[in-house]
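Only one structure is covered here, and it is reproduced in the block below.
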Amino acid sequence: MSFVRTTEQPSQYHHLEKMSILEILDGMNREDRLVPEAIAKILPRIEKLVAAIVDKMLMGGRLFYIGAGTSGRLGIVDASECPPTFGVPQGLVIGIIAGGDMAIRIAVEHAEDDPEQGWLDLQKYHVHAGDVVVGVAASGTTPYVIGALKRCRENDIVTGSVSCNAGSPVSEQADFPIEVVVGPEFVTGSTRLKSGTAQKLVLNMISTAVMIQLGRVEDNRMVDMQLTNDKLIDRGVHMVMEQLGLDDYESAKKLLLEHQSVREAVKAGKG
């Protein structure tokens, strides 16, 4: 049976240009509701990838996301949010996009078509068998991503993938393939829509579940978050007050700023 990209199939909605604004929004909303349902069906697959990442990280490994276009940008967003959210070092979770940093903001022509460049980009970070590399590709056919995962497997590096087509080529190169099949897009082929949402939700799950497993969350609190702005400091102060049973905001704030960590401030407060 030949591979069919459902992400490229015609939209089930027609004459979008004749729709009212509300009709457009309603149609998009109807399609978006399908995403969590599709993810619910593959939670065991996500679980296996998370477990593999945790195992490698406990031994000092890193997590790489590699993708092109929207998929690459989503990987970079998820990676960049791990240090401030969970207090992990820069470089523990790394996002790589075809075309380099410029491609985060501006589309780089044909960057995703080179099957060798992905591996070369990973080499800049000295990727090795202790790491995990997850290819993010809505279509599942991106040469940049497929080539990178293939070379990773040749070098005994654990691989995963996140795509939105069943039986895709990228899945063939992944030890832990995740396929979120959400069907045709509202605008035919525009995978920044449902497919992008699906990938974002899966990446949220991966990084958050990994960090919880690594002990970076206590109860439901981000006790290791970086205090990079007033909002986060205020959140941290309230966590310290709650955990230490303090009523004095300023005393809790002083303790937090002294230790620069909710976790350490609470330890110090408990003596």
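Starting from 1 in every chain, residues are counted up; chains themselves are A, B, ... following the order of the structure tokens, and ligands are numbered from 1 as listed.
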
Would you give me, as a ChimeraX atom specification, the residues in stretch 35-122 of chain A that DSSP reads as strand (DSSP E or B)?
-> /A:63-67,93-97

Distance query A:Gly189 at most 8 Å, only C-alpha atoms, self and fewer than 5 positions along chain excluded, as a short mmCIF file (atom, residue, chain, number, x, y, z; two decimals) with C-alpha atoms, in the first residue's frame:
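Generated output (around.cif):
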```cif
data_model
loop_
_atom_site.label_atom_id
_atom_site.label_comp_id
_atom_site.auth_asym_id
_atom_site.auth_seq_id
_atom_site.Cartn_x
_atom_site.Cartn_y
_atom_site.Cartn_z
CA THR A 7 -2.16 16.35 5.67
CA GLU A 8 -2.20 17.16 1.94
CA GLN A 9 -5.70 15.89 1.22
CA PRO A 10 -8.34 18.46 0.16
CA PRO A 184 -6.97 17.26 6.15
#
```

Can you pull out every residue within 12 Å of A:Lys56, counting only C-alpha atoms, but drop anything in the same chain fewer than 2 positions away, and send it as a ChimeraX atom specification?
-> /A:49-54,58-64,92,128-133,157-159,210,214

Deliver the residues from the most recent selection as a file, using N, CA and C atoms, as a PDB file, in the first residue's frame.
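Result went into out32.pdb, see below:
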```
ATOM      1  N   LEU A  49       8.398   7.068  24.436  1.00  0.00           N
ATOM      2  CA  LEU A  49       9.441   8.033  24.090  1.00  0.00           C
ATOM      3  C   LEU A  49       9.886   8.811  25.324  1.00  0.00           C
ATOM      4  N   VAL A  50       8.942   9.238  26.146  1.00  0.00           N
ATOM      5  CA  VAL A  50       9.292   9.962  27.371  1.00  0.00           C
ATOM      6  C   VAL A  50      10.184   9.103  28.267  1.00  0.00           C
ATOM      7  N   ALA A  51       9.830   7.854  28.428  1.00  0.00           N
ATOM      8  CA  ALA A  51      10.623   6.954  29.278  1.00  0.00           C
ATOM      9  C   ALA A  51      12.046   6.818  28.749  1.00  0.00           C
ATOM     10  N   ALA A  52      12.184   6.730  27.434  1.00  0.00           N
ATOM     11  CA  ALA A  52      13.514   6.610  26.836  1.00  0.00           C
ATOM     12  C   ALA A  52      14.338   7.873  27.067  1.00  0.00           C
ATOM     13  N   ILE A  53      13.696   9.041  26.958  1.00  0.00           N
ATOM     14  CA  ILE A  53      14.399  10.307  27.182  1.00  0.00           C
ATOM     15  C   ILE A  53      14.839  10.427  28.635  1.00  0.00           C
ATOM     16  N   VAL A  54      13.953  10.070  29.557  1.00  0.00           N
ATOM     17  CA  VAL A  54      14.285  10.133  30.979  1.00  0.00           C
ATOM     18  C   VAL A  54      15.481   9.242  31.286  1.00  0.00           C
ATOM     19  N   LEU A  58      18.968  10.786  32.769  1.00  0.00           N
ATOM     20  CA  LEU A  58      19.476  10.372  34.077  1.00  0.00           C
ATOM     21  C   LEU A  58      20.935   9.929  33.998  1.00  0.00           C
ATOM     22  N   MET A  59      21.365   9.579  32.804  1.00  0.00           N
ATOM     23  CA  MET A  59      22.764   9.194  32.581  1.00  0.00           C
ATOM     24  C   MET A  59      23.581  10.327  31.962  1.00  0.00           C
ATOM     25  N   GLY A  60      22.997  11.535  31.965  1.00  0.00           N
ATOM     26  CA  GLY A  60      23.736  12.697  31.486  1.00  0.00           C
ATOM     27  C   GLY A  60      23.470  13.085  30.044  1.00  0.00           C
ATOM     28  N   GLY A  61      22.490  12.457  29.403  1.00  0.00           N
ATOM     29  CA  GLY A  61      22.195  12.748  28.009  1.00  0.00           C
ATOM     30  C   GLY A  61      21.345  13.981  27.815  1.00  0.00           C
ATOM     31  N   ARG A  62      21.183  14.348  26.545  1.00  0.00           N
ATOM     32  CA  ARG A  62      20.401  15.534  26.179  1.00  0.00           C
ATOM     33  C   ARG A  62      19.262  15.133  25.242  1.00  0.00           C
ATOM     34  N   LEU A  63      18.326  16.072  25.080  1.00  0.00           N
ATOM     35  CA  LEU A  63      17.221  15.902  24.138  1.00  0.00           C
ATOM     36  C   LEU A  63      17.359  16.922  23.024  1.00  0.00           C
ATOM     37  N   PHE A  64      17.317  16.436  21.793  1.00  0.00           N
ATOM     38  CA  PHE A  64      17.335  17.316  20.623  1.00  0.00           C
ATOM     39  C   PHE A  64      16.013  17.215  19.885  1.00  0.00           C
ATOM     40  N   LEU A  92      20.427  21.424  27.719  1.00  0.00           N
ATOM     41  CA  LEU A  92      19.902  20.112  28.059  1.00  0.00           C
ATOM     42  C   LEU A  92      18.845  19.697  27.039  1.00  0.00           C
ATOM     43  N   HIS A 128      25.782  12.479  20.512  1.00  0.00           N
ATOM     44  CA  HIS A 128      26.409  11.167  20.723  1.00  0.00           C
ATOM     45  C   HIS A 128      25.365  10.163  21.211  1.00  0.00           C
ATOM     46  N   ALA A 129      25.795   8.952  21.451  1.00  0.00           N
ATOM     47  CA  ALA A 129      24.884   7.854  21.775  1.00  0.00           C
ATOM     48  C   ALA A 129      24.182   8.020  23.120  1.00  0.00           C
ATOM     49  N   GLY A 130      24.604   8.977  23.920  1.00  0.00           N
ATOM     50  CA  GLY A 130      23.924   9.229  25.184  1.00  0.00           C
ATOM     51  C   GLY A 130      22.730  10.145  25.047  1.00  0.00           C
ATOM     52  N   ASP A 131      22.533  10.690  23.848  1.00  0.00           N
ATOM     53  CA  ASP A 131      21.462  11.651  23.611  1.00  0.00           C
ATOM     54  C   ASP A 131      20.243  10.995  22.964  1.00  0.00           C
ATOM     55  N   VAL A 132      19.154  11.761  22.864  1.00  0.00           N
ATOM     56  CA  VAL A 132      17.963  11.353  22.123  1.00  0.00           C
ATOM     57  C   VAL A 132      17.647  12.459  21.122  1.00  0.00           C
ATOM     58  N   VAL A 133      17.392  12.074  19.875  1.00  0.00           N
ATOM     59  CA  VAL A 133      17.066  13.044  18.827  1.00  0.00           C
ATOM     60  C   VAL A 133      15.648  12.772  18.323  1.00  0.00           C
ATOM     61  N   ILE A 157      22.309   6.322  18.142  1.00  0.00           N
ATOM     62  CA  ILE A 157      21.633   7.377  18.891  1.00  0.00           C
ATOM     63  C   ILE A 157      20.131   7.105  18.857  1.00  0.00           C
ATOM     64  N   VAL A 158      19.495   7.098  20.017  1.00  0.00           N
ATOM     65  CA  VAL A 158      18.054   6.840  20.105  1.00  0.00           C
ATOM     66  C   VAL A 158      17.285   7.951  19.375  1.00  0.00           C
ATOM     67  N   THR A 159      16.305   7.541  18.582  1.00  0.00           N
ATOM     68  CA  THR A 159      15.540   8.508  17.796  1.00  0.00           C
ATOM     69  C   THR A 159      14.043   8.402  18.069  1.00  0.00           C
ATOM     70  N   VAL A 210       8.882  14.645  31.024  1.00  0.00           N
ATOM     71  CA  VAL A 210      10.295  14.364  31.297  1.00  0.00           C
ATOM     72  C   VAL A 210      10.756  15.132  32.525  1.00  0.00           C
ATOM     73  N   LEU A 214      12.107  13.883  36.192  1.00  0.00           N
ATOM     74  CA  LEU A 214      13.448  14.228  36.666  1.00  0.00           C
ATOM     75  C   LEU A 214      13.420  14.986  37.994  1.00  0.00           C
TER      76      LEU A 214
END
```

Compile the contact shell of A:Met28 as a PDB file with C-alpha atoms, in the first residue's frame: residues with an atom at most 10 Å away, counting only C-alpha atoms, same-chain residues fewer than 3 positions apart removed.
```
ATOM      1  CA  TYR A  13     -14.664  22.856   3.658  1.00  0.00           C
ATOM      2  CA  LEU A  22     -17.863  33.510  12.108  1.00  0.00           C
ATOM      3  CA  GLU A  23     -18.222  30.599   9.674  1.00  0.00           C
ATOM      4  CA  ILE A  24     -14.456  30.532   9.165  1.00  0.00           C
ATOM      5  CA  LEU A  25     -13.810  30.560  12.895  1.00  0.00           C
ATOM      6  CA  GLU A  31     -11.224  20.914  13.171  1.00  0.00           C
ATOM      7  CA  ASP A  32      -9.121  21.882  16.180  1.00  0.00           C
ATOM      8  CA  ARG A  33     -11.331  19.768  18.445  1.00  0.00           C
ATOM      9  CA  GLU A 185      -6.426  20.867   7.159  1.00  0.00           C
ATOM     10  CA  PHE A 186      -9.095  23.579   7.092  1.00  0.00           C
ATOM     11  CA  VAL A 187      -7.007  25.281   4.409  1.00  0.00           C
ATOM     12  CA  LEU A 193      -2.998  24.656  11.613  1.00  0.00           C
ATOM     13  CA  LYS A 194      -4.190  21.333  13.114  1.00  0.00           C
TER      14      LYS A 194
END
```

Within 8 Å of A:Ile46, counting only C-alpha atoms, which residues show up once you throw out same-chain ones fewer than 3 positions away? Write them as a list in words, please.
-> Ile42, Leu43, Leu49, Val50, Ile178, Val202 and Ile206 of chain A

Proximity to A:Arg30 - best of A:Val182, A:Leu256, A:Val237, A:Met211, only C-alpha atoms | A:Val182

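With distances restricted to only C-alpha atoms, A:Ile146 is the closest residue to A:Asp114 from A:Leu227, A:Val35, A:Met239, A:Ile146.
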
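Comparing A:Lys200, A:Arg45, A:Lys270, A:Arg151 by their smallest distance to A:Leu246, the closest is A:Lys270 (using only C-alpha atoms).
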
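Taking atom CA of A:Ala138 and atom CA of A:Val88 as the two end points, the separation is 27.9 Å.
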
As an mmCIF file with C-alpha atoms, in the first residue's frame, please: the residues near A:Arg73 (cut-off 12 Å, only C-alpha atoms, same-chain neighbours under 2 positions excluded).
```cif
data_model
loop_
_atom_site.group_PDB
_atom_site.id
_atom_site.type_symbol
_atom_site.label_atom_id
_atom_site.label_comp_id
_atom_site.auth_asym_id
_atom_site.auth_seq_id
_atom_site.Cartn_x
_atom_site.Cartn_y
_atom_site.Cartn_z
ATOM 1 C CA TYR A 65 14.385 18.417 18.510
ATOM 2 C CA ILE A 66 15.141 18.796 14.810
ATOM 3 C CA GLY A 67 12.730 20.055 12.172
ATOM 4 C CA ALA A 68 12.020 22.498 9.364
ATOM 5 C CA GLY A 69 9.562 25.374 9.018
ATOM 6 C CA THR A 70 6.728 25.400 11.530
ATOM 7 C CA SER A 71 7.827 22.039 12.942
ATOM 8 C CA GLY A 75 10.801 22.408 18.618
ATOM 9 C CA ILE A 76 12.816 25.530 19.320
ATOM 10 C CA VAL A 77 9.964 27.051 21.345
ATOM 11 C CA ASP A 78 9.666 23.941 23.501
ATOM 12 C CA ALA A 79 13.416 23.660 24.028
ATOM 13 C CA SER A 80 13.856 27.349 24.850
ATOM 14 C CA ILE A 94 18.120 21.802 22.155
ATOM 15 C CA GLY A 95 16.009 22.825 19.170
ATOM 16 C CA ILE A 96 17.503 22.801 15.664
ATOM 17 C CA ILE A 97 15.798 24.182 12.560
ATOM 18 C CA ALA A 98 16.686 23.745 8.902
ATOM 19 C CA GLY A 99 18.269 26.944 7.639
ATOM 20 C CA GLY A 100 19.647 27.987 11.020
ATOM 21 C CA ASP A 101 18.486 30.708 13.390
ATOM 22 C CA MET A 102 17.431 33.002 10.535
ATOM 23 C CA ALA A 103 14.778 30.418 9.609
ATOM 24 C CA ILE A 104 13.046 30.970 12.941
ATOM 25 C CA ARG A 105 11.665 34.234 11.561
ATOM 26 C CA ILE A 106 12.159 34.020 7.795
ATOM 27 C CA ALA A 107 11.552 31.011 5.543
ATOM 28 C CA VAL A 136 9.508 16.913 14.131
ATOM 29 C CA ALA A 137 7.880 16.853 10.689
ATOM 30 C CA ARG A 192 0.652 25.120 10.607
ATOM 31 C CA GLY A 196 1.048 22.373 14.154
ATOM 32 C CA GLN A 199 2.845 18.805 17.393
ATOM 33 C CA LYS A 200 2.819 21.594 19.963
ATOM 34 C CA LEU A 203 6.012 18.474 22.574
#
```
